[in-house]
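The block underneath contains the structure these notes are about, expressed in structure tokens.
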Amino acid sequence: MTNNIKTIAEALTWASAFLKENKRDVNAGEVLLKGLYRWDTTRLLVNLREEIDPNILQEFVEGVGRHALKGYPIQYNLGYEIFYGRKFEVNNEVLIPRPETEELIEGILVRANDLFSNKDKLIIADIGTGSGAIGVTIALEKTNSNVIATDIAKQSLIVAEGNAKNLNAHNITFLQGDLLAPILKNGEKLDILVSNPPYIPSSDILDLSDTVKNYEPLRALDGGHDGLDFYRRLIDESSRVLNAKALIAFEIGVGQGEDVRELILQKYPKCDVDIVFDINGKDRMIFAKII
């Protein structure tokens, strides 16, 4: 059937039908084709009736096939994902950045401006940085900061360091180690602690989409028996690295808001904790002001 494809419109029509048949997101074909051509949506629409490049068609058909039949992520096929308006390189050593994490960054920036309005330089740590999406973005958006990004996996740090270099983020340092261990070792004191840690309960891993569980790194997904292991550790150790006035910002799993809030209040009984819902109406972020 693909032998009859001549135009860009025909390629997209075939991809949409094939993806739907295999119960995948029908928009994945458009995402892949725009990436292969390096076009935005407007340019794609303008060129729908144009003949498709044979080399791109071959790569397109193969990529759609891998995604439809095996769940291989489109972003890994392209080698990047757009996050906060910037291109972040990704591979199967890092999680693919999600749109809801952009909301976490927005929340941090707003609260940082309010809480530290009189401070010239902020020290911010992104724990479990993965692709560097959070740490690099904050470094670029908050130029009066020094960002420390940690990850236990050297393979992830290689990706993150590459993204920082490509995006000209000069005010960020990368350290390898388990959660806060590298920061404790260096004796750093933080104004803001941010993390999007593994939060999927171990028993739920097998129920995840094959696009996630078969390709994205397990170490970035499995949060222990109830999904809260990394929050417990981060919160417990945080008092050793935070300044007297500080902000804790976490991305959380759906339904974990009250549990994470309670863990924070056990450690910091007088702090102000907000559970914030994402654009889809799900509890997705926790912000704790320690004053």
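Convention: chains lettered A, B, ... in structure tokens order; per-chain residue numbering from 1; ligands numbered from 1 as shown.
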Worksheet item: Please, which residues of segment 52-256 of chain A, numbered as in this document, come out strand (DSSP E) from DSSP, as a VMD selection string?
Response: chain A and resid 80 to 83 86 to 89 122 to 127 145 to 151 172 to 176 190 to 195 242 to 251
How about saving the chosen residues, N, CA and C atoms kept, as a short mmCIF file (atom, residue, chain, number, x, y, z; two decimals), in the first residue's frame?
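Full text of selection.cif as output:
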```cif
data_model
loop_
_atom_site.label_atom_id
_atom_site.label_comp_id
_atom_site.auth_asym_id
_atom_site.auth_seq_id
_atom_site.Cartn_x
_atom_site.Cartn_y
_atom_site.Cartn_z
N TYR A 80 14.72 13.85 19.40
CA TYR A 80 14.51 15.06 20.20
C TYR A 80 13.03 15.23 20.56
N GLU A 81 12.80 16.13 21.51
CA GLU A 81 11.45 16.57 21.86
C GLU A 81 11.50 18.07 22.09
N ILE A 82 10.44 18.77 21.73
CA ILE A 82 10.35 20.20 21.98
C ILE A 82 9.80 20.39 23.39
N PHE A 83 10.53 21.16 24.19
CA PHE A 83 10.13 21.40 25.58
C PHE A 83 10.37 22.87 25.89
N ARG A 86 12.02 24.79 23.19
CA ARG A 86 13.41 24.48 22.83
C ARG A 86 13.53 22.99 22.47
N LYS A 87 14.51 22.69 21.63
CA LYS A 87 14.72 21.32 21.19
C LYS A 87 15.69 20.62 22.15
N PHE A 88 15.20 19.59 22.83
CA PHE A 88 16.03 18.78 23.73
C PHE A 88 16.27 17.42 23.09
N GLU A 89 17.52 17.08 22.92
CA GLU A 89 17.85 15.76 22.41
C GLU A 89 17.50 14.70 23.45
N LEU A 122 20.53 33.04 42.90
CA LEU A 122 19.85 31.87 43.46
C LEU A 122 20.63 30.61 43.15
N ILE A 123 20.67 29.70 44.12
CA ILE A 123 21.26 28.38 43.93
C ILE A 123 20.11 27.39 43.85
N ILE A 124 20.02 26.71 42.71
CA ILE A 124 18.89 25.83 42.42
C ILE A 124 19.42 24.45 42.05
N ALA A 125 18.79 23.40 42.58
CA ALA A 125 19.20 22.04 42.24
C ALA A 125 18.05 21.29 41.59
N ASP A 126 18.36 20.64 40.48
CA ASP A 126 17.42 19.76 39.77
C ASP A 126 17.91 18.33 39.99
N ILE A 127 17.15 17.58 40.77
CA ILE A 127 17.59 16.24 41.19
C ILE A 127 16.96 15.18 40.29
N SER A 145 20.75 32.75 38.33
CA SER A 145 20.83 31.53 39.14
C SER A 145 22.05 30.71 38.75
N ASN A 146 22.49 29.93 39.70
CA ASN A 146 23.43 28.84 39.43
C ASN A 146 22.67 27.55 39.65
N VAL A 147 22.58 26.73 38.64
CA VAL A 147 21.81 25.49 38.71
C VAL A 147 22.76 24.31 38.83
N ILE A 148 22.44 23.41 39.75
CA ILE A 148 23.16 22.16 39.90
C ILE A 148 22.21 21.04 39.49
N ALA A 149 22.60 20.22 38.55
CA ALA A 149 21.75 19.12 38.07
C ALA A 149 22.44 17.80 38.38
N THR A 150 21.75 16.91 39.06
CA THR A 150 22.33 15.63 39.42
C THR A 150 21.56 14.48 38.78
N ASP A 151 22.27 13.39 38.57
CA ASP A 151 21.63 12.15 38.13
C ASP A 151 22.53 10.99 38.51
N ILE A 172 24.92 26.25 34.57
CA ILE A 172 24.47 24.96 35.10
C ILE A 172 25.65 24.01 35.19
N THR A 173 25.69 23.27 36.30
CA THR A 173 26.75 22.29 36.57
C THR A 173 26.11 20.93 36.75
N PHE A 174 26.75 19.91 36.22
CA PHE A 174 26.22 18.55 36.30
C PHE A 174 27.08 17.69 37.22
N LEU A 175 26.41 16.96 38.12
CA LEU A 175 27.11 16.10 39.07
C LEU A 175 26.47 14.71 39.06
N GLN A 176 27.29 13.68 39.05
CA GLN A 176 26.77 12.32 39.09
C GLN A 176 26.67 11.86 40.52
N LEU A 190 21.07 25.36 49.20
CA LEU A 190 20.16 25.63 48.10
C LEU A 190 19.03 26.58 48.49
N ASP A 191 18.65 27.38 47.50
CA ASP A 191 17.43 28.19 47.64
C ASP A 191 16.22 27.43 47.12
N ILE A 192 16.41 26.67 46.06
CA ILE A 192 15.30 25.94 45.44
C ILE A 192 15.74 24.51 45.16
N LEU A 193 14.91 23.56 45.58
CA LEU A 193 15.12 22.15 45.30
C LEU A 193 13.96 21.68 44.43
N VAL A 194 14.27 21.22 43.23
CA VAL A 194 13.22 20.76 42.31
C VAL A 194 13.54 19.34 41.86
N SER A 195 12.51 18.54 41.70
CA SER A 195 12.71 17.18 41.21
C SER A 195 11.43 16.64 40.58
N LEU A 242 19.12 22.75 52.33
CA LEU A 242 18.33 23.95 52.08
C LEU A 242 18.71 25.10 53.00
N ASN A 243 18.64 26.31 52.46
CA ASN A 243 18.77 27.51 53.28
C ASN A 243 17.53 27.68 54.15
N ALA A 244 17.59 28.60 55.11
CA ALA A 244 16.47 28.82 56.02
C ALA A 244 15.21 29.22 55.26
N LYS A 245 15.38 30.03 54.23
CA LYS A 245 14.26 30.36 53.34
C LYS A 245 14.49 29.59 52.04
N ALA A 246 13.51 28.77 51.67
CA ALA A 246 13.72 27.90 50.52
C ALA A 246 12.40 27.50 49.89
N LEU A 247 12.51 26.95 48.68
CA LEU A 247 11.35 26.44 47.95
C LEU A 247 11.63 25.01 47.51
N ILE A 248 10.67 24.12 47.80
CA ILE A 248 10.72 22.75 47.29
C ILE A 248 9.64 22.63 46.22
N ALA A 249 10.01 22.08 45.07
CA ALA A 249 9.05 21.89 43.97
C ALA A 249 9.18 20.49 43.42
N PHE A 250 8.08 19.74 43.45
CA PHE A 250 8.06 18.37 42.95
C PHE A 250 6.99 18.20 41.89
N GLU A 251 7.29 17.41 40.86
CA GLU A 251 6.22 16.84 40.05
C GLU A 251 5.80 15.55 40.73
#
```
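Every protein or nucleic acid residue with an atom no more than 8 Å from segment 141-143 of chain A, counting only C-alpha atoms and leaving out same-chain residues fewer than 4 positions away, appears here: Leu109, Thr137 and Asn171 of chain A.
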Just-selected residues, C-alpha atoms written as a PDB file, in the first residue's frame:
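And here is the file that came out, again-v1.pdb:
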```
ATOM      1  CA  LEU A 109       9.553  30.877  38.220  1.00  0.00           C
ATOM      2  CA  THR A 137      15.251  25.417  31.133  1.00  0.00           C
ATOM      3  CA  ASN A 171      25.038  28.670  34.458  1.00  0.00           C
TER       4      ASN A 171
END
```
Can you build me a table of segment 182-211 of chain A residues sitting at most 12 Å from segment 255-275 of chain A, with the closest atom pair per residue and its distance in Å to one decimal, using only C-alpha atoms, sorted by chain and residue number, as a Markdown table?
```
| residue | atom | partner | partner_atom | distance |
| --- | --- | --- | --- | --- |
| A:Tyr199 | CA | A:Gln256 | CA | 8.9 |
| A:Ile200 | CA | A:Gln256 | CA | 10.2 |
| A:Pro201 | CA | A:Gln256 | CA | 10.7 |
```
Go ahead and write the selection's residues with N, CA and C atoms as a PDB file, in the first residue's frame.
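Below is the file part.pdb, written as the result:
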```pdb
ATOM      1  N   TYR A 199       7.956   8.031  40.195  1.00  0.00           N
ATOM      2  CA  TYR A 199       6.820   8.014  41.116  1.00  0.00           C
ATOM      3  C   TYR A 199       5.761   6.966  40.778  1.00  0.00           C
ATOM      4  N   ILE A 200       6.057   6.085  39.845  1.00  0.00           N
ATOM      5  CA  ILE A 200       5.102   5.023  39.522  1.00  0.00           C
ATOM      6  C   ILE A 200       5.260   3.886  40.538  1.00  0.00           C
ATOM      7  N   PRO A 201       4.200   3.470  41.231  1.00  0.00           N
ATOM      8  CA  PRO A 201       4.303   2.313  42.119  1.00  0.00           C
ATOM      9  C   PRO A 201       4.795   1.082  41.349  1.00  0.00           C
TER      10      PRO A 201
END
```
Item to complete: Might you pull out every residue within 10 Å of Gly227 of chain A, with only C-alpha atoms counted and same-chain residues fewer than 3 positions away left off, and present them as a list in words?
Response: Pro197, Pro198, Tyr199, Ile200, Pro201, Ser202, Ser203, Asp204, Leu221, Asp222, Gly223, Gly224, Phe230, Tyr231, Arg232, Ile252, Gly253 and Gln256 of chain A
Store the residues picked out above, limited to N, CA and C atoms, as a CSV table (one decimal), in the first residue's frame.
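Writing the result to selection11.csv gives the following:
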```
chain,number,residue,atom,x,y,z
A,197,PRO,N,10.9,13.1,40.3
A,197,PRO,CA,11.5,11.8,40.5
A,197,PRO,C,10.7,10.6,40.0
A,198,PRO,N,11.2,9.4,40.0
A,198,PRO,CA,10.4,8.2,39.7
A,198,PRO,C,9.2,8.2,40.7
A,199,TYR,N,8.0,8.0,40.2
A,199,TYR,CA,6.8,8.0,41.1
A,199,TYR,C,5.8,7.0,40.8
A,200,ILE,N,6.1,6.1,39.8
A,200,ILE,CA,5.1,5.0,39.5
A,200,ILE,C,5.3,3.9,40.5
A,201,PRO,N,4.2,3.5,41.2
A,201,PRO,CA,4.3,2.3,42.1
A,201,PRO,C,4.8,1.1,41.3
A,202,SER,N,5.7,0.3,42.0
A,202,SER,CA,6.3,-0.8,41.3
A,202,SER,C,5.2,-1.8,40.7
A,203,SER,N,4.1,-2.0,41.4
A,203,SER,CA,3.1,-2.9,40.9
A,203,SER,C,2.4,-2.3,39.7
A,204,ASP,N,2.5,-1.0,39.4
A,204,ASP,CA,1.8,-0.4,38.3
A,204,ASP,C,2.6,-0.4,37.0
A,221,LEU,N,11.3,5.6,36.3
A,221,LEU,CA,9.8,5.3,36.4
A,221,LEU,C,9.4,4.8,37.8
A,222,ASP,N,10.2,3.8,38.3
A,222,ASP,CA,9.8,3.0,39.4
A,222,ASP,C,10.1,3.7,40.7
A,223,GLY,N,9.0,4.1,41.4
A,223,GLY,CA,9.1,4.8,42.7
A,223,GLY,C,8.9,4.0,43.9
A,224,GLY,N,9.0,2.7,43.8
A,224,GLY,CA,8.9,1.8,45.0
A,224,GLY,C,7.5,1.3,45.1
A,230,PHE,N,11.2,8.0,46.6
A,230,PHE,CA,12.1,9.1,46.3
A,230,PHE,C,11.7,10.4,47.0
A,231,TYR,N,10.4,10.6,47.2
A,231,TYR,CA,10.0,11.8,47.9
A,231,TYR,C,10.4,11.7,49.4
A,232,ARG,N,10.2,10.5,49.9
A,232,ARG,CA,10.6,10.3,51.3
A,232,ARG,C,12.1,10.6,51.5
A,252,ILE,N,4.5,15.3,40.7
A,252,ILE,CA,4.0,14.1,41.4
A,252,ILE,C,3.1,13.3,40.5
A,253,GLY,N,2.8,12.1,40.9
A,253,GLY,CA,1.9,11.2,40.1
A,253,GLY,C,0.4,11.6,40.5
A,256,GLN,N,-1.2,11.5,44.2
A,256,GLN,CA,-0.2,11.5,45.3
A,256,GLN,C,-0.1,12.8,46.1
```
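Neighbouring residues of Ile56 of chain A at 9 Å or closer, counting only C-alpha atoms and skipping chain neighbours under 3 positions away, are Leu33, Leu36, Tyr37, Ile52, Asp53, Glu59, Phe60 and Val61 of chain A.
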For the residues in that selection, give me N, CA and C atoms as a PDB file, in the first residue's frame.
```
ATOM      1  N   LEU A  33       6.585  13.351  10.667  1.00  0.00           N
ATOM      2  CA  LEU A  33       6.881  13.932   9.355  1.00  0.00           C
ATOM      3  C   LEU A  33       7.394  15.363   9.484  1.00  0.00           C
ATOM      4  N   LEU A  36      10.997  15.071  10.493  1.00  0.00           N
ATOM      5  CA  LEU A  36      11.883  14.619   9.416  1.00  0.00           C
ATOM      6  C   LEU A  36      12.153  15.734   8.405  1.00  0.00           C
ATOM      7  N   TYR A  37      11.140  16.550   8.146  1.00  0.00           N
ATOM      8  CA  TYR A  37      11.317  17.667   7.221  1.00  0.00           C
ATOM      9  C   TYR A  37      11.856  18.930   7.917  1.00  0.00           C
ATOM     10  N   ILE A  52       6.306  13.791  -1.971  1.00  0.00           N
ATOM     11  CA  ILE A  52       7.137  13.507  -0.809  1.00  0.00           C
ATOM     12  C   ILE A  52       8.504  12.987  -1.244  1.00  0.00           C
ATOM     13  N   ASP A  53       9.540  13.433  -0.553  1.00  0.00           N
ATOM     14  CA  ASP A  53      10.898  12.984  -0.839  1.00  0.00           C
ATOM     15  C   ASP A  53      10.983  11.474  -0.589  1.00  0.00           C
ATOM     16  N   GLU A  59      11.965   6.599   5.562  1.00  0.00           N
ATOM     17  CA  GLU A  59      12.185   6.751   7.003  1.00  0.00           C
ATOM     18  C   GLU A  59      10.861   6.944   7.737  1.00  0.00           C
ATOM     19  N   PHE A  60       9.937   7.651   7.098  1.00  0.00           N
ATOM     20  CA  PHE A  60       8.620   7.897   7.679  1.00  0.00           C
ATOM     21  C   PHE A  60       7.844   6.593   7.849  1.00  0.00           C
ATOM     22  N   VAL A  61       7.803   5.801   6.808  1.00  0.00           N
ATOM     23  CA  VAL A  61       7.074   4.529   6.874  1.00  0.00           C
ATOM     24  C   VAL A  61       7.677   3.620   7.941  1.00  0.00           C
TER      25      VAL A  61
END
```
